[in-house]
Each structure stands twice: as C-alpha cells, then as structure tokens.
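Listing of run-v1.tsv; format and content: TSV, C-alpha atoms and all ligand atoms.
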chain	number	residue	atom	x	y	z
A	1	MET	CA	8.20	1.39	-4.25
A	2	ASN	CA	9.82	2.03	-7.63
A	3	ILE	CA	8.91	-0.94	-9.76
A	4	VAL	CA	8.68	-2.15	-13.32
A	5	LEU	CA	6.08	-4.77	-14.24
A	6	LEU	CA	7.24	-7.25	-16.86
A	7	GLY	CA	5.21	-9.88	-18.67
A	8	ALA	CA	3.48	-10.55	-21.97
A	9	PRO	CA	0.42	-8.50	-22.93
A	10	GLY	CA	-2.48	-9.99	-20.98
A	11	ALA	CA	-0.30	-11.50	-18.24
A	12	GLY	CA	-2.21	-9.42	-15.69
A	13	LYS	CA	0.12	-6.43	-15.24
A	14	GLY	CA	-2.77	-3.94	-15.35
A	15	THR	CA	-4.90	-5.99	-12.95
A	16	GLN	CA	-2.08	-6.33	-10.41
A	17	ALA	CA	-1.12	-2.66	-10.79
A	18	ALA	CA	-4.74	-1.66	-10.06
A	19	LYS	CA	-4.65	-3.71	-6.85
A	20	LEU	CA	-1.38	-2.07	-5.76
A	21	VAL	CA	-2.84	1.37	-6.50
A	22	ASP	CA	-5.98	0.57	-4.46
A	23	GLU	CA	-3.96	-0.61	-1.47
A	24	PHE	CA	-0.89	1.66	-1.54
A	25	GLY	CA	-1.87	4.64	-3.71
A	26	THR	CA	1.36	4.42	-5.73
A	27	PRO	CA	1.09	6.16	-9.13
A	28	HIS	CA	0.47	3.69	-11.96
A	29	ILE	CA	2.23	4.65	-15.17
A	30	SER	CA	0.82	2.56	-18.01
A	31	THR	CA	2.20	3.58	-21.39
A	32	GLY	CA	-0.64	1.65	-23.10
A	33	ASP	CA	-3.25	3.68	-21.14
A	34	MET	CA	-1.40	6.94	-21.91
A	35	LEU	CA	-1.33	6.12	-25.62
A	36	ARG	CA	-4.99	5.04	-25.69
A	37	ALA	CA	-5.93	8.36	-24.03
A	38	ALA	CA	-3.90	10.24	-26.68
A	39	VAL	CA	-5.64	8.30	-29.47
A	40	LYS	CA	-9.05	9.07	-27.94
A	41	GLU	CA	-8.24	12.78	-27.67
A	42	GLY	CA	-6.85	12.82	-31.22
A	43	THR	CA	-3.57	14.50	-30.17
A	44	PRO	CA	-0.55	14.46	-32.54
A	45	LEU	CA	0.94	11.68	-30.38
A	46	GLY	CA	-2.29	9.68	-30.63
A	47	LYS	CA	-2.40	10.10	-34.41
A	48	LYS	CA	1.20	8.89	-34.68
A	49	ALA	CA	0.68	5.93	-32.35
A	50	LYS	CA	-2.65	4.59	-33.61
A	51	SER	CA	-1.51	2.58	-36.62
A	52	TYR	CA	1.24	0.86	-34.60
A	53	MET	CA	-1.19	0.01	-31.83
A	54	ASP	CA	-3.87	-1.29	-34.17
A	55	ALA	CA	-1.32	-3.65	-35.75
A	56	GLY	CA	0.02	-4.76	-32.36
A	57	ASP	CA	3.45	-3.30	-33.17
A	58	LEU	CA	5.56	-1.14	-30.86
A	59	VAL	CA	5.37	2.64	-31.06
A	60	PRO	CA	8.88	4.02	-31.85
A	61	ASP	CA	11.23	4.25	-28.88
A	62	ASP	CA	11.88	8.01	-29.16
A	63	VAL	CA	8.14	8.76	-28.85
A	64	ILE	CA	7.52	6.57	-25.86
A	65	ILE	CA	10.76	7.35	-23.99
A	66	GLY	CA	9.99	11.09	-24.08
A	67	LEU	CA	6.49	10.43	-22.77
A	68	VAL	CA	7.73	8.42	-19.77
A	69	GLU	CA	10.59	10.82	-18.99
A	70	GLU	CA	8.05	13.64	-18.85
A	71	ARG	CA	5.66	11.67	-16.63
A	72	LEU	CA	8.48	10.83	-14.20
A	73	GLN	CA	9.03	14.58	-13.68
A	74	ASP	CA	5.56	14.84	-12.06
A	75	PRO	CA	5.89	15.32	-8.28
A	76	ASP	CA	3.48	12.45	-7.44
A	77	THR	CA	6.12	9.93	-8.63
A	78	GLU	CA	8.51	11.05	-5.88
A	79	LYS	CA	6.72	8.65	-3.51
A	80	GLY	CA	7.16	5.81	-6.00
A	81	PHE	CA	5.76	4.49	-9.26
A	82	ILE	CA	4.56	1.32	-10.93
A	83	LEU	CA	5.68	1.23	-14.55
A	84	ASP	CA	3.37	-1.02	-16.59
A	85	GLY	CA	4.15	-1.74	-20.25
A	86	PHE	CA	7.45	0.17	-20.12
A	87	PRO	CA	10.24	-0.61	-20.83
A	88	ARG	CA	9.48	-2.90	-23.77
A	89	THR	CA	12.83	-2.74	-25.60
A	90	SER	CA	16.48	-2.67	-24.55
A	91	ALA	CA	16.75	0.97	-25.66
A	92	GLN	CA	13.82	1.85	-23.39
A	93	ALA	CA	15.39	-0.02	-20.45
A	94	VAL	CA	18.69	1.82	-20.91
A	95	ALA	CA	16.90	5.18	-21.19
A	96	LEU	CA	14.92	4.41	-18.04
A	97	ASP	CA	18.08	3.57	-16.10
A	98	ALA	CA	19.64	6.86	-17.21
A	99	GLU	CA	16.56	8.88	-16.24
A	100	LEU	CA	16.20	7.20	-12.84
A	101	SER	CA	19.85	7.67	-12.05
A	102	LYS	CA	19.50	11.36	-12.97
A	103	LEU	CA	16.50	11.59	-10.64
A	104	GLU	CA	18.36	9.55	-7.98
A	105	ARG	CA	15.43	7.16	-7.72
A	106	PRO	CA	16.72	3.66	-8.46
A	107	LEU	CA	14.41	0.75	-9.23
A	108	ASP	CA	13.55	-1.55	-6.33
A	109	ALA	CA	12.40	-4.47	-8.48
A	110	ALA	CA	11.37	-5.72	-11.90
A	111	LEU	CA	8.43	-8.03	-11.31
A	112	LEU	CA	7.77	-10.63	-13.99
A	113	ILE	CA	4.22	-11.99	-14.17
A	114	ASP	CA	4.70	-15.24	-16.05
A	115	VAL	CA	1.85	-16.77	-18.11
A	116	ASP	CA	1.85	-19.35	-20.94
A	117	PRO	CA	1.22	-17.74	-24.38
A	118	GLU	CA	-1.80	-19.94	-25.22
A	119	VAL	CA	-3.46	-18.95	-21.94
A	120	ILE	CA	-2.81	-15.33	-22.96
A	121	VAL	CA	-4.54	-15.73	-26.34
A	122	LYS	CA	-7.67	-17.06	-24.59
A	123	ARG	CA	-7.52	-14.34	-21.93
A	124	LEU	CA	-7.05	-11.42	-24.29
A	125	THR	CA	-9.66	-12.39	-26.86
A	126	SER	CA	-12.26	-12.55	-24.07
A	127	ARG	CA	-10.95	-9.44	-22.23
A	128	ARG	CA	-13.29	-6.46	-21.88
A	129	MET	CA	-12.55	-3.05	-20.35
A	130	CYS	CA	-14.73	-0.38	-18.76
A	131	LYS	CA	-15.05	2.79	-20.83
A	132	ASP	CA	-15.39	4.91	-17.69
A	133	CYS	CA	-13.00	3.57	-15.04
A	134	GLY	CA	-10.70	1.23	-17.00
A	135	TYR	CA	-11.72	-1.84	-14.98
A	136	ILE	CA	-10.41	-5.00	-16.66
A	137	GLY	CA	-13.02	-7.77	-16.89
A	138	THR	CA	-14.17	-10.51	-19.25
A	139	ALA	CA	-16.86	-11.06	-21.88
A	140	ALA	CA	-19.07	-12.28	-19.00
A	141	ASP	CA	-19.17	-8.70	-17.58
A	142	LYS	CA	-22.04	-7.05	-19.43
A	143	THR	CA	-21.58	-3.85	-17.40
A	144	CYS	CA	-18.65	-2.79	-15.21
A	145	PRO	CA	-18.89	-4.52	-11.79
A	146	LYS	CA	-16.95	-1.61	-10.25
A	147	CYS	CA	-18.81	1.48	-11.56
A	148	GLY	CA	-21.66	0.22	-13.79
A	149	GLY	CA	-20.01	1.69	-16.90
A	150	GLU	CA	-20.11	0.27	-20.42
A	151	MET	CA	-17.64	-2.54	-21.19
A	152	TYR	CA	-15.82	-2.65	-24.55
A	153	GLN	CA	-13.24	-4.78	-26.36
A	154	ARG	CA	-9.91	-3.14	-27.20
A	155	ASP	CA	-9.24	-2.88	-30.95
A	156	ASP	CA	-6.00	-4.85	-30.51
A	157	ASP	CA	-7.59	-7.75	-28.56
A	158	ASN	CA	-8.59	-9.72	-31.69
A	159	GLU	CA	-6.76	-13.03	-32.22
A	160	ALA	CA	-4.50	-12.03	-35.16
A	161	THR	CA	-3.30	-8.87	-33.42
A	162	VAL	CA	-2.87	-10.68	-30.11
A	163	ARG	CA	-0.60	-13.26	-31.81
A	164	ASN	CA	1.48	-10.46	-33.34
A	165	ARG	CA	1.73	-8.73	-29.94
A	166	LEU	CA	3.00	-12.00	-28.44
A	167	ASP	CA	5.61	-12.33	-31.23
A	168	VAL	CA	6.72	-8.74	-30.64
A	169	TYR	CA	6.92	-9.47	-26.92
A	170	GLU	CA	9.13	-12.55	-27.45
A	171	LYS	CA	11.44	-10.70	-29.81
A	172	SER	CA	11.74	-7.24	-28.25
A	173	THR	CA	10.62	-7.42	-24.62
A	174	ALA	CA	11.40	-10.92	-23.27
A	175	PRO	CA	15.19	-10.19	-23.46
A	176	LEU	CA	14.62	-7.63	-20.68
A	177	ILE	CA	14.04	-10.52	-18.29
A	178	ASP	CA	17.75	-11.37	-18.54
A	179	TYR	CA	18.64	-7.69	-18.44
A	180	TYR	CA	16.92	-7.22	-15.06
A	181	ARG	CA	18.17	-10.58	-13.78
A	182	GLY	CA	21.68	-9.29	-14.53
A	183	CYS	CA	20.94	-6.15	-12.48
A	184	ASP	CA	19.77	-8.41	-9.62
A	185	LEU	CA	16.31	-6.81	-9.72
A	186	LEU	CA	14.19	-9.62	-11.21
A	187	VAL	CA	11.46	-11.30	-9.19
A	188	SER	CA	9.18	-13.75	-10.95
A	189	ILE	CA	5.72	-15.06	-10.09
A	190	ASP	CA	3.29	-17.50	-11.73
A	191	GLY	CA	0.48	-15.38	-13.20
A	192	ASP	CA	-1.73	-18.27	-14.28
A	193	ARG	CA	-3.86	-18.27	-11.14
A	194	ASP	CA	-6.74	-16.34	-9.62
A	195	PRO	CA	-5.77	-12.61	-9.59
A	196	ASN	CA	-6.23	-12.39	-5.80
A	197	VAL	CA	-3.86	-15.32	-5.25
A	198	VAL	CA	-1.35	-13.77	-7.67
A	199	TYR	CA	-1.65	-10.49	-5.74
A	200	GLU	CA	-0.67	-12.15	-2.45
A	201	ASP	CA	2.49	-13.42	-4.20
A	202	VAL	CA	3.12	-9.97	-5.70
A	203	LYS	CA	3.14	-8.41	-2.24
A	204	GLN	CA	5.37	-11.14	-0.86
A	205	ALA	CA	7.79	-10.82	-3.79
A	206	LEU	CA	7.96	-7.06	-3.27
A	207	SER	CA	8.18	-7.41	0.55
A	208	LEU	CA	5.04	-5.28	0.99
A	301	LIG	P1	-0.56	-2.29	-23.65
A	301	LIG	O1	-1.82	-1.68	-23.15
A	301	LIG	O2	0.58	-2.17	-22.66
A	301	LIG	O3	-0.76	-3.73	-24.10
A	301	LIG	O4	-0.09	-1.45	-24.92
A	301	LIG	C1	-0.92	-1.35	-26.06
A	301	LIG	C2	-0.09	-0.93	-27.25
A	301	LIG	O5	0.49	0.36	-27.03
A	301	LIG	C3	1.09	-1.84	-27.60
A	301	LIG	O6	0.71	-2.96	-28.39
A	301	LIG	C4	2.00	-0.86	-28.36
A	301	LIG	O7	1.52	-0.63	-29.67
A	301	LIG	C5	1.80	0.43	-27.58
A	301	LIG	N1	2.77	0.53	-26.46
A	301	LIG	C6	2.50	0.56	-25.13
A	301	LIG	N2	3.62	0.67	-24.41
A	301	LIG	C7	4.64	0.73	-25.29
A	301	LIG	C8	6.07	0.83	-25.17
A	301	LIG	N3	6.65	0.89	-23.97
A	301	LIG	N4	6.80	0.86	-26.30
A	301	LIG	C9	6.23	0.83	-27.52
A	301	LIG	N5	4.90	0.71	-27.72
A	301	LIG	C10	4.10	0.66	-26.61
Represent the structure contained in this file as structure tokens.
Ligand code: AMP
Amino acid sequence: MNIVLLGAPGAGKGTQAAKLVDEFGTPHISTGDMLRAAVKEGTPLGKKAKSYMDAGDLVPDDVIIGLVEERLQDPDTEKGFILDGFPRTSAQAVALDAELSKLERPLDAALLIDVDPEVIVKRLTSRRMCKDCGYIGTAADKTCPKCGGEMYQRDDDNEATVRNRLDVYEKSTAPLIDYYRGCDLLVSIDGDRDPNVVYEDVKQALSL
C-alpha cells in the first residue's frame, strides 16, 4: 500500500497509521515525527525547523521535500509506505508525484480523516504522547498504557498554537483534498468516532 494520510492536525492520522503499522508492518513516514527527532537531537535541520514548529507554522517546502525524497530511497519503502503529515502544500504534492513517478511507485490512495475543527481543539489540548514509544494518549493517561513510559504534552499542543495550525491547515493543506479528488485517489472517512471504529472504516476504504 502506497498511501497519503490527509486531515487536520489531531484528526487521528498518527493513531490510524500506528494501527496500520501494527497490523501490516508498512513503514510509517511522519514528517512531524522526523522533525521532532531532529529537534531533540539538535541537528542543523532541527535547529532550522524548531521556531516554525513552535509557532505552528509550516517548515519551508525545500527542507521538508528533501527529507521525504531521501526517506523514500530507503529500501523498506519498496513494500509500501504510509505518508503522514506530508504533503501539506501544493508544492509538496507536486514534488511527491514527481518523486513517485521517478521511483515507479504510484500512490494507491489519499485517505482523508475528516474531523470538525472544534473537536480538534479539544482533542489536541488534551493530547499526551509517550516519550519512549510515541504512543498517542490523553491527559487521563498518567503513564503510557503501551510501554509504561512517561507521557508529555507537545509544545505545539497549546490552544493558541493549535488554532494557528488549524488556520494553516485550511489555507495551505485543505486544497490538497481537491487535488487528490481530481487524481481520483481521494477516499474520505468520518474521524469523529472511536479510533477502533474509524480503523475498520480505514481498512474498508483501502480495501485491506
Ligand atoms: P505534525 O506532527 O504532523 O502535526 O507536525 C508538527 C509540525 O511539524 C507542523 O506544525 C509543522 O511545523 C512541521 N511539519 C510537519 N510536516 C510538515 C510538512 N509536510 N511541511 C511543513 N511543515 C511540516
């Protein structure tokens, strides 16, 4: 499966990707996770990306496109990939098409996980993540239910930054819904339900 996950920040792309990885072992390419790792390691990329991420703005296209092109060269992606958080702009979508056509690995689907923005604000401000395994939980999870690790709140999950991220999504990323509809690749599911119920729909939408 070669798929792109679309949807606002907090729509559940990471949660659904984790379920697909658990069941099918397909590589999960999350540009947000890659950037957070670079920030943590203090690499030049991380230093460049941090201020954009803290403000909830997009990291410049040239930085992120190069990162994904490089990752798609890794042999594990030959059996498929789940792109999460990329593309986020038209320029990124066009660059992805060019790279995938060069690699002769066309997309099978762009899956939109659709959630109302106000639901997203509530979800993200109470979202917590595991420092060790990346498990995505809520403020109710004092320790990670998966590995017992420490849970933390992402720097960009405060309300002001979340609202900016949603504005950025509407302006720069939502137009990709029409882009992928035009390519006849768009499948859409209602993400405002229990994650396990959403997952059943995800598999049906992707014919898995
Ligand atoms: P995410 O974990 O996908 O919500 O991404 C967190 C942050 O990383 C975003 O708010 C952006 O600052 C940055 N980011 C992640 N993916 C991209 C992308 N494809 N293009 C530009 N910035 C990105």
Ligand LIG 301 (chain A): which residues are within 8 Å, counting all atoms listed in the file, as a PyMOL selection string? chain A and resi 9-10+30-33+35-36+49-50+52-61+64-65+84-89+92+156+165
Smallest atom-to-atom distance to Asp157 in chain A: which of A:Leu96, A:Ile177, A:Leu111, A:Ile120, using all atoms listed in the file? A:Ile120
For Arg154 in chain A, the nearest of the candidates A:Val4, A:Lys171, A:Ala139, A:Arg128, counting all atoms listed in the file: A:Arg128
Closest of A:Glu41, A:Val187, A:Gln204, A:Asp74 to Ile3 in chain A - atom-to-atom distances counting all atoms listed in the file: A:Val187
Do a neighbour search on Leu103 in chain A at 9 Å with all atoms listed in the file, toss out local chain neighbours closer than 3 positions, and write the hits as an MDAnalysis selection string. chainID A and resid 72:73 98:100 106
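Of the listed residues (A:Gly14, A:Gly80, A:Gly191, A:Gly7), A:Gly14 comes nearest to Met129 in chain A; the distances count all atoms listed in the file.
Coordinates place CA of Thr15 in chain A at a distance of 6.7 Å from CA of Ile136 in chain A.
You can rank A:Tyr179, A:Asp201, A:Asp22, A:Asp155 by their closest distance to Val39 in chain A using only C-alpha atoms, and at the top of that list sits A:Asp155.
What separates CA of Asp114 in chain A from CA of Asp190 in chain A is a distance of 5.1 Å.
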Distance query range 167-170 of chain A at most 7 Å, only C-alpha atoms, self and fewer than 4 positions along chain excluded, as a ChimeraX atom specification: /A:8,57,163,174
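Going from CA of Asp108 in chain A over to CA of Ala11 in chain A, you cover 20.8 Å.
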List as a PyMOL selection string the protein and nucleic acid residues near Asp192 in chain A, meaning an atom at most 10 Å away when only C-alpha atoms are counted, but skip any in the same chain fewer than 5 places from it. chain A and resi 11-12+113-116+119-120+197-198
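Distance annotation: of A:Met1, A:Ala91, A:Leu45, A:Cys133, the residue with the minimal separation from Glu78 in chain A is A:Met1; atom set is all atoms listed in the file.
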Reconstruct N, CA, C and O atoms of range 77-101 of chain A; output as a PDB file, in the frame of the given file.
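The resulting file, out.pdb, is shown below:
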ATOM      1  N   THR A  77       5.291  11.138  -8.496  1.00  0.00           N
ATOM      2  CA  THR A  77       6.120   9.930  -8.630  1.00  0.00           C
ATOM      3  C   THR A  77       7.283   9.918  -7.629  1.00  0.00           C
ATOM      4  O   THR A  77       7.999   8.932  -7.546  1.00  0.00           O
ATOM      5  N   GLU A  78       7.432  11.025  -6.877  1.00  0.00           N
ATOM      6  CA  GLU A  78       8.510  11.050  -5.880  1.00  0.00           C
ATOM      7  C   GLU A  78       8.282  10.000  -4.801  1.00  0.00           C
ATOM      8  O   GLU A  78       9.214   9.496  -4.201  1.00  0.00           O
ATOM      9  N   LYS A  79       6.983   9.668  -4.542  1.00  0.00           N
ATOM     10  CA  LYS A  79       6.720   8.650  -3.510  1.00  0.00           C
ATOM     11  C   LYS A  79       6.726   7.237  -4.099  1.00  0.00           C
ATOM     12  O   LYS A  79       6.445   6.269  -3.411  1.00  0.00           O
ATOM     13  N   GLY A  80       7.063   7.118  -5.362  1.00  0.00           N
ATOM     14  CA  GLY A  80       7.160   5.810  -6.000  1.00  0.00           C
ATOM     15  C   GLY A  80       6.346   5.744  -7.280  1.00  0.00           C
ATOM     16  O   GLY A  80       5.598   6.674  -7.585  1.00  0.00           O
ATOM     17  N   PHE A  81       6.514   4.664  -8.010  1.00  0.00           N
ATOM     18  CA  PHE A  81       5.760   4.490  -9.260  1.00  0.00           C
ATOM     19  C   PHE A  81       5.722   3.020  -9.626  1.00  0.00           C
ATOM     20  O   PHE A  81       6.597   2.239  -9.235  1.00  0.00           O
ATOM     21  N   ILE A  82       4.676   2.671 -10.372  1.00  0.00           N
ATOM     22  CA  ILE A  82       4.560   1.320 -10.930  1.00  0.00           C
ATOM     23  C   ILE A  82       4.540   1.497 -12.443  1.00  0.00           C
ATOM     24  O   ILE A  82       3.552   2.005 -13.004  1.00  0.00           O
ATOM     25  N   LEU A  83       5.620   1.119 -13.088  1.00  0.00           N
ATOM     26  CA  LEU A  83       5.680   1.230 -14.550  1.00  0.00           C
ATOM     27  C   LEU A  83       5.098  -0.041 -15.163  1.00  0.00           C
ATOM     28  O   LEU A  83       5.544  -1.151 -14.852  1.00  0.00           O
ATOM     29  N   ASP A  84       4.091   0.124 -16.012  1.00  0.00           N
ATOM     30  CA  ASP A  84       3.370  -1.020 -16.590  1.00  0.00           C
ATOM     31  C   ASP A  84       3.402  -0.880 -18.112  1.00  0.00           C
ATOM     32  O   ASP A  84       2.867   0.082 -18.655  1.00  0.00           O
ATOM     33  N   GLY A  85       4.074  -1.818 -18.785  1.00  0.00           N
ATOM     34  CA  GLY A  85       4.150  -1.740 -20.250  1.00  0.00           C
ATOM     35  C   GLY A  85       5.344  -0.936 -20.722  1.00  0.00           C
ATOM     36  O   GLY A  85       5.483  -0.655 -21.907  1.00  0.00           O
ATOM     37  N   PHE A  86       6.212  -0.555 -19.826  1.00  0.00           N
ATOM     38  CA  PHE A  86       7.450   0.170 -20.120  1.00  0.00           C
ATOM     39  C   PHE A  86       8.486  -0.242 -19.090  1.00  0.00           C
ATOM     40  O   PHE A  86       8.160  -0.255 -17.912  1.00  0.00           O
ATOM     41  N   PRO A  87       9.697  -0.584 -19.468  1.00  0.00           N
ATOM     42  CA  PRO A  87      10.240  -0.610 -20.830  1.00  0.00           C
ATOM     43  C   PRO A  87       9.818  -1.874 -21.590  1.00  0.00           C
ATOM     44  O   PRO A  87       9.495  -2.890 -20.994  1.00  0.00           O
ATOM     45  N   ARG A  88       9.834  -1.772 -22.912  1.00  0.00           N
ATOM     46  CA  ARG A  88       9.480  -2.900 -23.770  1.00  0.00           C
ATOM     47  C   ARG A  88      10.603  -3.239 -24.745  1.00  0.00           C
ATOM     48  O   ARG A  88      10.453  -4.192 -25.507  1.00  0.00           O
ATOM     49  N   THR A  89      11.666  -2.444 -24.746  1.00  0.00           N
ATOM     50  CA  THR A  89      12.830  -2.740 -25.600  1.00  0.00           C
ATOM     51  C   THR A  89      14.081  -2.434 -24.778  1.00  0.00           C
ATOM     52  O   THR A  89      14.006  -1.714 -23.765  1.00  0.00           O
ATOM     53  N   SER A  90      15.228  -2.938 -25.270  1.00  0.00           N
ATOM     54  CA  SER A  90      16.480  -2.670 -24.550  1.00  0.00           C
ATOM     55  C   SER A  90      16.767  -1.170 -24.515  1.00  0.00           C
ATOM     56  O   SER A  90      17.207  -0.645 -23.487  1.00  0.00           O
ATOM     57  N   ALA A  91      16.492  -0.482 -25.627  1.00  0.00           N
ATOM     58  CA  ALA A  91      16.750   0.970 -25.660  1.00  0.00           C
ATOM     59  C   ALA A  91      15.911   1.681 -24.592  1.00  0.00           C
ATOM     60  O   ALA A  91      16.385   2.615 -23.935  1.00  0.00           O
ATOM     61  N   GLN A  92      14.673   1.228 -24.410  1.00  0.00           N
ATOM     62  CA  GLN A  92      13.820   1.850 -23.390  1.00  0.00           C
ATOM     63  C   GLN A  92      14.362   1.558 -21.986  1.00  0.00           C
ATOM     64  O   GLN A  92      14.350   2.429 -21.108  1.00  0.00           O
ATOM     65  N   ALA A  93      14.863   0.338 -21.771  1.00  0.00           N
ATOM     66  CA  ALA A  93      15.390  -0.020 -20.450  1.00  0.00           C
ATOM     67  C   ALA A  93      16.624   0.830 -20.125  1.00  0.00           C
ATOM     68  O   ALA A  93      16.774   1.313 -18.994  1.00  0.00           O
ATOM     69  N   VAL A  94      17.475   1.022 -21.125  1.00  0.00           N
ATOM     70  CA  VAL A  94      18.690   1.820 -20.910  1.00  0.00           C
ATOM     71  C   VAL A  94      18.316   3.280 -20.633  1.00  0.00           C
ATOM     72  O   VAL A  94      18.859   3.926 -19.720  1.00  0.00           O
ATOM     73  N   ALA A  95      17.348   3.798 -21.392  1.00  0.00           N
ATOM     74  CA  ALA A  95      16.900   5.180 -21.190  1.00  0.00           C
ATOM     75  C   ALA A  95      16.277   5.349 -19.798  1.00  0.00           C
ATOM     76  O   ALA A  95      16.481   6.369 -19.131  1.00  0.00           O
ATOM     77  N   LEU A  96      15.534   4.334 -19.372  1.00  0.00           N
ATOM     78  CA  LEU A  96      14.920   4.410 -18.040  1.00  0.00           C
ATOM     79  C   LEU A  96      15.997   4.438 -16.955  1.00  0.00           C
ATOM     80  O   LEU A  96      15.922   5.253 -16.019  1.00  0.00           O
ATOM     81  N   ASP A  97      16.975   3.577 -17.082  1.00  0.00           N
ATOM     82  CA  ASP A  97      18.080   3.570 -16.100  1.00  0.00           C
ATOM     83  C   ASP A  97      18.727   4.955 -16.013  1.00  0.00           C
ATOM     84  O   ASP A  97      18.991   5.454 -14.921  1.00  0.00           O
ATOM     85  N   ALA A  98      18.975   5.552 -17.185  1.00  0.00           N
ATOM     86  CA  ALA A  98      19.640   6.860 -17.210  1.00  0.00           C
ATOM     87  C   ALA A  98      18.766   7.911 -16.521  1.00  0.00           C
ATOM     88  O   ALA A  98      19.248   8.711 -15.711  1.00  0.00           O
ATOM     89  N   GLU A  99      17.469   7.881 -16.820  1.00  0.00           N
ATOM     90  CA  GLU A  99      16.560   8.880 -16.240  1.00  0.00           C
ATOM     91  C   GLU A  99      16.456   8.698 -14.725  1.00  0.00           C
ATOM     92  O   GLU A  99      16.497   9.667 -13.966  1.00  0.00           O
ATOM     93  N   LEU A 100      16.345   7.446 -14.282  1.00  0.00           N
ATOM     94  CA  LEU A 100      16.200   7.200 -12.840  1.00  0.00           C
ATOM     95  C   LEU A 100      17.486   7.518 -12.090  1.00  0.00           C
ATOM     96  O   LEU A 100      17.426   7.970 -10.944  1.00  0.00           O
ATOM     97  N   SER A 101      18.614   7.324 -12.764  1.00  0.00           N
ATOM     98  CA  SER A 101      19.850   7.670 -12.050  1.00  0.00           C
ATOM     99  C   SER A 101      19.976   9.191 -11.973  1.00  0.00           C
ATOM    100  O   SER A 101      20.423   9.735 -10.962  1.00  0.00           O
TER     101      SER A 101
END
